[in-house]
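What follows is the content of work-v3.cif (mmCIF, N, CA and C atoms and all ligand atoms).
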```cif
data_work
loop_
_atom_site.label_atom_id
_atom_site.label_comp_id
_atom_site.auth_asym_id
_atom_site.auth_seq_id
_atom_site.Cartn_x
_atom_site.Cartn_y
_atom_site.Cartn_z
N MET A 2 -2.64 21.17 -8.87
CA MET A 2 -2.13 20.23 -7.87
C MET A 2 -3.16 19.14 -7.60
N SER A 3 -2.67 17.92 -7.45
CA SER A 3 -3.57 16.80 -7.22
C SER A 3 -4.24 16.92 -5.86
N SER A 4 -5.51 16.53 -5.81
CA SER A 4 -6.21 16.52 -4.51
C SER A 4 -6.14 15.14 -3.86
N CYS A 5 -5.45 14.23 -4.53
CA CYS A 5 -5.36 12.86 -4.00
C CYS A 5 -4.47 12.83 -2.76
N ILE A 6 -5.00 12.30 -1.67
CA ILE A 6 -4.28 12.32 -0.39
C ILE A 6 -2.99 11.49 -0.46
N PHE A 7 -3.01 10.38 -1.19
CA PHE A 7 -1.79 9.56 -1.27
C PHE A 7 -0.76 10.19 -2.22
N CYS A 8 -1.22 10.95 -3.23
CA CYS A 8 -0.27 11.73 -4.04
C CYS A 8 0.42 12.76 -3.16
N LYS A 9 -0.34 13.36 -2.24
CA LYS A 9 0.24 14.36 -1.34
C LYS A 9 1.22 13.72 -0.36
N ILE A 10 0.91 12.52 0.08
CA ILE A 10 1.85 11.80 0.95
C ILE A 10 3.11 11.45 0.16
N ALA A 11 2.93 11.00 -1.09
CA ALA A 11 4.09 10.65 -1.93
C ALA A 11 4.97 11.87 -2.18
N ALA A 12 4.33 13.04 -2.30
CA ALA A 12 5.07 14.29 -2.55
C ALA A 12 5.59 14.92 -1.26
N LYS A 13 5.31 14.27 -0.12
CA LYS A 13 5.73 14.75 1.21
C LYS A 13 5.03 16.07 1.58
N GLU A 14 3.90 16.32 0.95
CA GLU A 14 3.10 17.49 1.32
C GLU A 14 2.27 17.18 2.57
N ILE A 15 2.00 15.90 2.78
CA ILE A 15 1.36 15.43 4.01
C ILE A 15 2.34 14.45 4.65
N PRO A 16 2.64 14.64 5.93
CA PRO A 16 3.62 13.75 6.57
C PRO A 16 3.10 12.34 6.77
N SER A 17 4.01 11.40 6.73
CA SER A 17 3.67 10.01 7.04
C SER A 17 4.91 9.36 7.66
N GLN A 18 4.70 8.22 8.28
CA GLN A 18 5.82 7.46 8.84
C GLN A 18 6.32 6.51 7.75
N VAL A 19 7.38 6.93 7.08
CA VAL A 19 7.88 6.17 5.93
C VAL A 19 8.64 4.93 6.41
N VAL A 20 8.32 3.81 5.79
CA VAL A 20 8.95 2.54 6.14
C VAL A 20 9.92 2.11 5.03
N TYR A 21 9.60 2.48 3.80
CA TYR A 21 10.43 2.11 2.65
C TYR A 21 10.18 3.15 1.55
N GLU A 22 11.24 3.46 0.80
CA GLU A 22 11.07 4.40 -0.32
C GLU A 22 12.11 4.10 -1.39
N ASP A 23 11.68 4.15 -2.65
CA ASP A 23 12.63 4.19 -3.77
C ASP A 23 12.06 5.15 -4.81
N ASN A 24 12.60 5.13 -6.01
CA ASN A 24 12.19 6.12 -7.01
C ASN A 24 10.71 6.04 -7.36
N ASP A 25 10.15 4.84 -7.30
CA ASP A 25 8.78 4.63 -7.80
C ASP A 25 7.77 4.31 -6.72
N VAL A 26 8.25 3.96 -5.55
CA VAL A 26 7.39 3.36 -4.51
C VAL A 26 7.59 4.04 -3.17
N LEU A 27 6.50 4.20 -2.42
CA LEU A 27 6.59 4.67 -1.03
C LEU A 27 5.78 3.71 -0.16
N ALA A 28 6.32 3.38 1.00
CA ALA A 28 5.59 2.57 1.97
C ALA A 28 5.58 3.33 3.29
N PHE A 29 4.39 3.38 3.90
CA PHE A 29 4.25 4.16 5.15
C PHE A 29 3.20 3.50 6.03
N ASN A 30 3.29 3.79 7.32
CA ASN A 30 2.34 3.20 8.27
C ASN A 30 0.93 3.71 8.02
N ASP A 31 -0.03 2.77 8.08
CA ASP A 31 -1.45 3.13 7.94
C ASP A 31 -1.88 3.92 9.19
N LEU A 32 -2.62 5.00 8.94
CA LEU A 32 -3.10 5.86 10.03
C LEU A 32 -4.08 5.12 10.94
N ASN A 33 -4.75 4.14 10.38
CA ASN A 33 -5.81 3.42 11.09
C ASN A 33 -5.44 1.94 11.16
N ALA A 34 -4.36 1.66 11.87
CA ALA A 34 -3.76 0.31 11.84
C ALA A 34 -4.73 -0.76 12.33
N GLN A 35 -4.81 -1.84 11.58
CA GLN A 35 -5.69 -2.98 11.89
C GLN A 35 -4.90 -4.18 12.42
N ALA A 36 -3.61 -4.01 12.58
CA ALA A 36 -2.74 -5.08 13.07
C ALA A 36 -1.49 -4.41 13.63
N PRO A 37 -0.69 -5.13 14.44
CA PRO A 37 0.53 -4.53 14.99
C PRO A 37 1.43 -3.93 13.90
N VAL A 38 1.50 -4.60 12.75
CA VAL A 38 2.17 -4.01 11.58
C VAL A 38 1.10 -3.81 10.51
N HIS A 39 0.92 -2.57 10.08
CA HIS A 39 -0.03 -2.26 9.00
C HIS A 39 0.59 -1.13 8.16
N VAL A 40 1.15 -1.54 7.05
CA VAL A 40 1.87 -0.61 6.18
C VAL A 40 1.16 -0.56 4.83
N LEU A 41 1.13 0.63 4.24
CA LEU A 41 0.58 0.80 2.89
C LEU A 41 1.72 0.99 1.91
N VAL A 42 1.68 0.25 0.82
CA VAL A 42 2.69 0.38 -0.24
C VAL A 42 2.00 0.99 -1.45
N ILE A 43 2.49 2.15 -1.90
CA ILE A 43 1.83 2.85 -3.01
C ILE A 43 2.84 3.16 -4.12
N PRO A 44 2.34 3.26 -5.36
CA PRO A 44 3.18 3.83 -6.42
C PRO A 44 3.18 5.35 -6.26
N LYS A 45 4.31 5.98 -6.53
CA LYS A 45 4.33 7.45 -6.49
C LYS A 45 3.47 8.02 -7.61
N LYS A 46 3.43 7.29 -8.72
CA LYS A 46 2.56 7.67 -9.84
C LYS A 46 1.11 7.39 -9.47
N HIS A 47 0.22 8.29 -9.83
CA HIS A 47 -1.19 8.07 -9.49
C HIS A 47 -1.83 7.03 -10.39
N LEU A 48 -2.34 5.98 -9.76
CA LEU A 48 -3.21 4.99 -10.42
C LEU A 48 -4.36 4.80 -9.45
N SER A 49 -5.59 4.86 -9.94
CA SER A 49 -6.73 4.79 -9.01
C SER A 49 -6.82 3.44 -8.31
N HIS A 50 -6.62 2.39 -9.06
CA HIS A 50 -6.62 1.03 -8.49
C HIS A 50 -6.07 0.08 -9.53
N LEU A 51 -6.04 -1.18 -9.17
CA LEU A 51 -5.39 -2.19 -10.01
C LEU A 51 -5.96 -2.21 -11.43
N ASP A 52 -7.27 -1.99 -11.55
CA ASP A 52 -7.90 -2.06 -12.87
C ASP A 52 -7.42 -0.96 -13.80
N HIS A 53 -6.84 0.09 -13.24
CA HIS A 53 -6.36 1.19 -14.08
C HIS A 53 -4.89 1.06 -14.44
N ALA A 54 -4.28 -0.04 -14.02
CA ALA A 54 -2.89 -0.28 -14.41
C ALA A 54 -2.88 -0.76 -15.86
N ALA A 55 -1.99 -0.18 -16.66
CA ALA A 55 -1.88 -0.54 -18.07
C ALA A 55 -0.67 -1.44 -18.27
N ALA A 56 -0.49 -1.89 -19.50
CA ALA A 56 0.65 -2.76 -19.80
C ALA A 56 1.96 -2.08 -19.40
N GLU A 57 2.04 -0.78 -19.59
CA GLU A 57 3.28 -0.05 -19.24
C GLU A 57 3.53 -0.02 -17.72
N ASP A 58 2.54 -0.40 -16.94
CA ASP A 58 2.69 -0.39 -15.47
C ASP A 58 3.10 -1.74 -14.91
N GLU A 59 3.31 -2.74 -15.78
CA GLU A 59 3.59 -4.09 -15.26
C GLU A 59 4.85 -4.14 -14.40
N LEU A 60 5.88 -3.43 -14.82
CA LEU A 60 7.12 -3.40 -14.04
C LEU A 60 6.86 -2.75 -12.67
N LEU A 61 6.10 -1.68 -12.70
CA LEU A 61 5.76 -0.97 -11.46
C LEU A 61 4.99 -1.89 -10.50
N LEU A 62 4.05 -2.67 -11.04
CA LEU A 62 3.28 -3.60 -10.19
C LEU A 62 4.21 -4.61 -9.53
N GLY A 63 5.19 -5.09 -10.28
CA GLY A 63 6.16 -6.01 -9.70
C GLY A 63 6.98 -5.34 -8.62
N ARG A 64 7.33 -4.09 -8.85
CA ARG A 64 8.12 -3.36 -7.84
C ARG A 64 7.32 -3.15 -6.55
N LEU A 65 6.03 -2.93 -6.70
CA LEU A 65 5.19 -2.74 -5.51
C LEU A 65 5.18 -4.02 -4.66
N LEU A 66 5.07 -5.17 -5.32
CA LEU A 66 5.05 -6.43 -4.56
C LEU A 66 6.42 -6.74 -3.99
N SER A 67 7.47 -6.42 -4.72
CA SER A 67 8.82 -6.59 -4.17
C SER A 67 9.01 -5.71 -2.94
N ALA A 68 8.51 -4.49 -3.03
CA ALA A 68 8.60 -3.58 -1.88
C ALA A 68 7.82 -4.14 -0.70
N ALA A 69 6.67 -4.75 -0.97
CA ALA A 69 5.87 -5.35 0.11
C ALA A 69 6.70 -6.42 0.83
N ALA A 70 7.39 -7.24 0.08
CA ALA A 70 8.21 -8.30 0.69
C ALA A 70 9.36 -7.68 1.50
N LYS A 71 9.94 -6.60 0.99
CA LYS A 71 11.01 -5.92 1.74
C LYS A 71 10.46 -5.35 3.06
N VAL A 72 9.29 -4.77 2.98
CA VAL A 72 8.67 -4.20 4.19
C VAL A 72 8.42 -5.31 5.21
N ALA A 73 7.93 -6.45 4.73
CA ALA A 73 7.66 -7.57 5.64
C ALA A 73 8.95 -8.00 6.35
N LYS A 74 10.05 -8.00 5.63
CA LYS A 74 11.33 -8.37 6.27
C LYS A 74 11.77 -7.30 7.26
N SER A 75 11.71 -6.03 6.84
CA SER A 75 12.24 -4.97 7.69
C SER A 75 11.38 -4.74 8.93
N THR A 76 10.10 -5.14 8.87
CA THR A 76 9.23 -4.98 10.04
C THR A 76 9.12 -6.28 10.84
N ALA A 77 9.90 -7.28 10.43
CA ALA A 77 10.02 -8.54 11.19
C ALA A 77 8.75 -9.37 11.23
N ILE A 78 7.91 -9.26 10.18
CA ILE A 78 6.72 -10.13 10.13
C ILE A 78 6.88 -11.23 9.08
N ALA A 79 7.98 -11.19 8.34
CA ALA A 79 8.14 -12.15 7.24
C ALA A 79 8.19 -13.59 7.76
N GLU A 80 8.82 -13.79 8.88
CA GLU A 80 9.00 -15.17 9.37
C GLU A 80 7.69 -15.78 9.87
N THR A 81 6.88 -14.98 10.55
CA THR A 81 5.64 -15.52 11.12
C THR A 81 4.50 -15.49 10.12
N GLY A 82 4.63 -14.69 9.07
CA GLY A 82 3.59 -14.62 8.04
C GLY A 82 2.83 -13.32 8.09
N TYR A 83 2.23 -13.01 6.97
CA TYR A 83 1.53 -11.72 6.85
C TYR A 83 0.59 -11.78 5.66
N ARG A 84 -0.13 -10.70 5.44
CA ARG A 84 -1.08 -10.65 4.32
C ARG A 84 -0.85 -9.39 3.50
N VAL A 85 -1.00 -9.53 2.18
CA VAL A 85 -0.93 -8.40 1.25
C VAL A 85 -2.29 -8.30 0.58
N VAL A 86 -2.92 -7.13 0.71
CA VAL A 86 -4.29 -6.95 0.22
C VAL A 86 -4.40 -5.64 -0.54
N THR A 87 -5.14 -5.66 -1.65
CA THR A 87 -5.51 -4.39 -2.27
C THR A 87 -7.02 -4.37 -2.46
N ASN A 88 -7.66 -3.34 -1.97
CA ASN A 88 -9.10 -3.19 -2.08
C ASN A 88 -9.41 -2.39 -3.34
N ILE A 89 -10.43 -2.83 -4.08
CA ILE A 89 -10.77 -2.18 -5.36
C ILE A 89 -12.25 -1.83 -5.36
N GLY A 90 -12.52 -0.55 -5.50
CA GLY A 90 -13.90 -0.08 -5.69
C GLY A 90 -14.78 -0.25 -4.47
N VAL A 91 -16.06 -0.04 -4.69
CA VAL A 91 -17.04 0.00 -3.60
C VAL A 91 -17.14 -1.35 -2.89
N ASP A 92 -17.38 -2.41 -3.64
CA ASP A 92 -17.52 -3.73 -3.00
C ASP A 92 -16.21 -4.20 -2.37
N GLY A 93 -15.09 -3.74 -2.91
CA GLY A 93 -13.80 -4.11 -2.32
C GLY A 93 -13.49 -3.34 -1.06
N GLY A 94 -14.28 -2.29 -0.80
CA GLY A 94 -14.06 -1.50 0.41
C GLY A 94 -12.96 -0.47 0.28
N GLN A 95 -12.68 -0.04 -0.96
CA GLN A 95 -11.62 0.94 -1.18
C GLN A 95 -12.12 2.33 -0.77
N SER A 96 -11.36 2.99 0.11
CA SER A 96 -11.76 4.34 0.55
C SER A 96 -10.85 5.42 -0.01
N VAL A 97 -9.64 5.07 -0.43
CA VAL A 97 -8.72 6.06 -1.02
C VAL A 97 -8.43 5.62 -2.46
N SER A 98 -8.77 6.48 -3.42
CA SER A 98 -8.66 6.12 -4.84
C SER A 98 -7.24 6.35 -5.38
N HIS A 99 -6.29 5.69 -4.77
CA HIS A 99 -4.91 5.67 -5.24
C HIS A 99 -4.42 4.26 -4.90
N LEU A 100 -4.01 3.53 -5.91
CA LEU A 100 -3.61 2.13 -5.70
C LEU A 100 -2.73 1.98 -4.47
N HIS A 101 -3.08 1.04 -3.60
CA HIS A 101 -2.25 0.76 -2.44
C HIS A 101 -2.41 -0.70 -2.03
N PHE A 102 -1.32 -1.26 -1.58
CA PHE A 102 -1.33 -2.62 -1.02
C PHE A 102 -1.18 -2.49 0.49
N HIS A 103 -2.09 -3.12 1.21
CA HIS A 103 -1.99 -3.20 2.67
C HIS A 103 -1.07 -4.37 3.01
N ILE A 104 -0.10 -4.13 3.87
CA ILE A 104 0.74 -5.19 4.42
C ILE A 104 0.34 -5.32 5.89
N LEU A 105 -0.23 -6.47 6.23
CA LEU A 105 -0.75 -6.67 7.59
C LEU A 105 -0.06 -7.85 8.24
N GLY A 106 0.37 -7.68 9.48
CA GLY A 106 1.00 -8.79 10.17
C GLY A 106 1.24 -8.46 11.63
N GLY A 107 1.85 -9.43 12.31
CA GLY A 107 2.13 -9.24 13.73
C GLY A 107 1.07 -9.84 14.62
N ARG A 108 0.05 -10.43 14.04
CA ARG A 108 -0.96 -11.19 14.79
C ARG A 108 -1.56 -12.23 13.84
N GLN A 109 -2.28 -13.21 14.41
CA GLN A 109 -2.98 -14.19 13.58
C GLN A 109 -4.13 -13.49 12.87
N LEU A 110 -4.15 -13.51 11.56
CA LEU A 110 -5.21 -12.87 10.79
C LEU A 110 -6.29 -13.89 10.47
N SER A 111 -7.54 -13.46 10.51
CA SER A 111 -8.63 -14.40 10.24
C SER A 111 -8.95 -14.44 8.75
N TRP A 112 -9.62 -15.50 8.34
CA TRP A 112 -10.06 -15.67 6.95
C TRP A 112 -11.38 -16.41 6.96
N PRO A 113 -12.37 -16.07 6.16
CA PRO A 113 -12.32 -15.01 5.16
C PRO A 113 -12.48 -13.63 5.78
N PRO A 114 -12.03 -12.59 5.06
CA PRO A 114 -12.23 -11.23 5.54
C PRO A 114 -13.71 -10.88 5.51
N GLY A 115 -14.13 -9.91 6.27
CA GLY A 115 -15.55 -9.53 6.34
C GLY A 115 -16.02 -8.86 5.08
P1 LIG B 1 -8.65 1.38 1.70
O1 LIG B 1 -9.88 1.32 2.55
O2 LIG B 1 -8.23 0.00 1.20
O3 LIG B 1 -8.81 2.39 0.59
O4 LIG B 1 -7.47 1.84 2.66
C1 LIG B 1 -7.13 3.17 2.85
C2 LIG B 1 -6.27 3.21 4.08
O5 LIG B 1 -5.60 4.44 4.08
C3 LIG B 1 -7.01 3.10 5.40
O6 LIG B 1 -6.58 1.91 6.08
C4 LIG B 1 -6.60 4.33 6.18
C5 LIG B 1 -5.42 4.85 5.42
N1 LIG B 1 -5.29 6.30 5.37
C6 LIG B 1 -6.24 7.17 4.96
N2 LIG B 1 -5.78 8.43 5.02
C7 LIG B 1 -4.50 8.34 5.48
C8 LIG B 1 -3.49 9.31 5.76
O7 LIG B 1 -3.65 10.51 5.58
N3 LIG B 1 -2.30 8.84 6.23
C9 LIG B 1 -2.07 7.50 6.42
N4 LIG B 1 -0.88 7.15 6.89
N5 LIG B 1 -3.01 6.56 6.16
C10 LIG B 1 -4.20 6.98 5.71
#
```

Would you put the structure from the file into structure tokens?
Amino acid sequence: MSSCIFCKIAAKEIPSQVVYEDNDVLAFNDLNAQAPVHVLVIPKKHLSHLDHAAAEDELLLGRLLSAAAKVAKSTAIAETGYRVVTNIGVDGGQSVSHLHFHILGGRQLSWPPG
């Protein structure tokens, strides 16, 4: 059995507040929300991060971004704007080694990020 926490969330072995789900993708509220809306969009298939996506994953990557846009609409942040971020590796600040896109919105976000 995988020890990956997001694989366990995808398998419903660990509960989460699901915002969107289809065959390949799960979106759920971040446990440590940094904005009024903070949702994580993950592939159900384990990929450590974007760099580990192969040519065969291109469709999946598109589905993840489409899901992000759906989440933005369903959580009512699409009109005012939002941010989609994926952290990669140590310098990127990635803490969970399972590809995920953060969807952040519901307040004015600053730039550049820290
Ligand atoms: P990152 O630092 O980019 O790897 O983001 C990982 C995010 O995952 C972080 O914002 C907190 C969130 N997170 C970690 N563990 C859990 C969990 O068990 N459940 C949920 N819902 N979110 C989690």

Given 8 Å of margin on each side, can you work out the centre and size in Å (one decimal) of an axis-aligned box holding every listed atom of range 86-94 of chain A, as JSON?
```
{"center_x": -10.2, "center_y": -3.6, "center_z": -2.5, "size_x": 30.6, "size_y": 23.1, "size_z": 22.4}
```

Exercise for the section: Up to 12 Å from (8.0, -7.7, 13.1) in the file's coordinates: name the residues, counting only C-alpha atoms, as a list in words. Expected result: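 With a cut-off of 12 Å, the residues come to Ala36, Pro37, Val38, His39, Val40, Lys71, Val72, Ala73, Lys74, Ser75, Thr76, Ala77, Ile78, Ala79, Glu80, Thr81, Gly82, Tyr83, Ile104, Leu105, Gly106, Gly107 and Arg108 of chain A.
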
Handout entry: 7 Å contact set for range 8-24 of chain A, only N, CA and C atoms, chain neighbours under 5 positions out, as number ranges by chain
Key = A: 3, 29-30, 44-45, 47, 72, 99

Exercise for the section: Check the DSSP output for the backbone and give back, as an NGL selection string, the residues of chain A in helix (DSSP H, G or I). Expected result: :A and (6-11 or 51-53 or 56-75 or 90-93)

Exercise for the section: Using only N, CA and C atoms and all ligand atoms, find the one residue out of A:Ala34, A:Ser4, A:Leu48, A:Asp58 that sits nearest to ligand LIG 1 (chain B). Expected result: A:Ala34

List every residue of chain A that has an atom at most 6 Å from any atom of ligand LIG 1 (chain B), giving for each one its closest atom pair and the distance in Å to one decimal, counting only C-alpha atoms and all ligand atoms, sorted by chain and then by ascending residue number, as a tab-separated table.
```
residue	atom	partner	partner_atom	distance
A:Ser17	CA	B:LIG1	N4	5.4
A:Asn30	CA	B:LIG1	N4	5.3
A:Asp31	CA	B:LIG1	N5	4.2
A:Leu32	CA	B:LIG1	N5	3.9
A:Asn33	CA	B:LIG1	C4	5.1
A:Asn88	CA	B:LIG1	O2	4.7
A:Gly94	CA	B:LIG1	O1	5.5
A:Gln95	CA	B:LIG1	O3	3.6
A:Ser96	CA	B:LIG1	O3	3.5
A:Val97	CA	B:LIG1	O3	4.0
```

Kindly export the residues of the current selection with N, CA and C atoms, as a short mmCIF file (atom, residue, chain, number, x, y, z; two decimals), in the coordinates of the input.
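out-v9.cif, written as the output of this step:
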```cif
data_model
loop_
_atom_site.label_atom_id
_atom_site.label_comp_id
_atom_site.auth_asym_id
_atom_site.auth_seq_id
_atom_site.Cartn_x
_atom_site.Cartn_y
_atom_site.Cartn_z
N SER A 17 4.01 11.40 6.73
CA SER A 17 3.67 10.01 7.04
C SER A 17 4.91 9.36 7.66
N ASN A 30 3.29 3.79 7.32
CA ASN A 30 2.34 3.20 8.27
C ASN A 30 0.93 3.71 8.02
N ASP A 31 -0.03 2.77 8.08
CA ASP A 31 -1.45 3.13 7.94
C ASP A 31 -1.88 3.92 9.19
N LEU A 32 -2.62 5.00 8.94
CA LEU A 32 -3.10 5.86 10.03
C LEU A 32 -4.08 5.12 10.94
N ASN A 33 -4.75 4.14 10.38
CA ASN A 33 -5.81 3.42 11.09
C ASN A 33 -5.44 1.94 11.16
N ASN A 88 -7.66 -3.34 -1.97
CA ASN A 88 -9.10 -3.19 -2.08
C ASN A 88 -9.41 -2.39 -3.34
N GLY A 94 -14.28 -2.29 -0.80
CA GLY A 94 -14.06 -1.50 0.41
C GLY A 94 -12.96 -0.47 0.28
N GLN A 95 -12.68 -0.04 -0.96
CA GLN A 95 -11.62 0.94 -1.18
C GLN A 95 -12.12 2.33 -0.77
N SER A 96 -11.36 2.99 0.11
CA SER A 96 -11.76 4.34 0.55
C SER A 96 -10.85 5.42 -0.01
N VAL A 97 -9.64 5.07 -0.43
CA VAL A 97 -8.72 6.06 -1.02
C VAL A 97 -8.43 5.62 -2.46
#
```

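Among the candidates A:Asp25, A:Ser98, A:Gly93, A:Val85, the residue lying nearest to Ser49 in chain A is A:Ser98 (atoms considered: only N, CA and C atoms).
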
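Taking only C-alpha atoms into account, Ile43 in chain A lies nearest to A:Leu100 out of the set A:Leu100, A:Leu110, A:Ala68, A:Cys5.
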
Problem - From A:Leu27, A:Phe7, A:Trp112, A:Gln35, residue lying nearest Leu65 in chain A [all atoms listed in the file] - result: A:Leu27
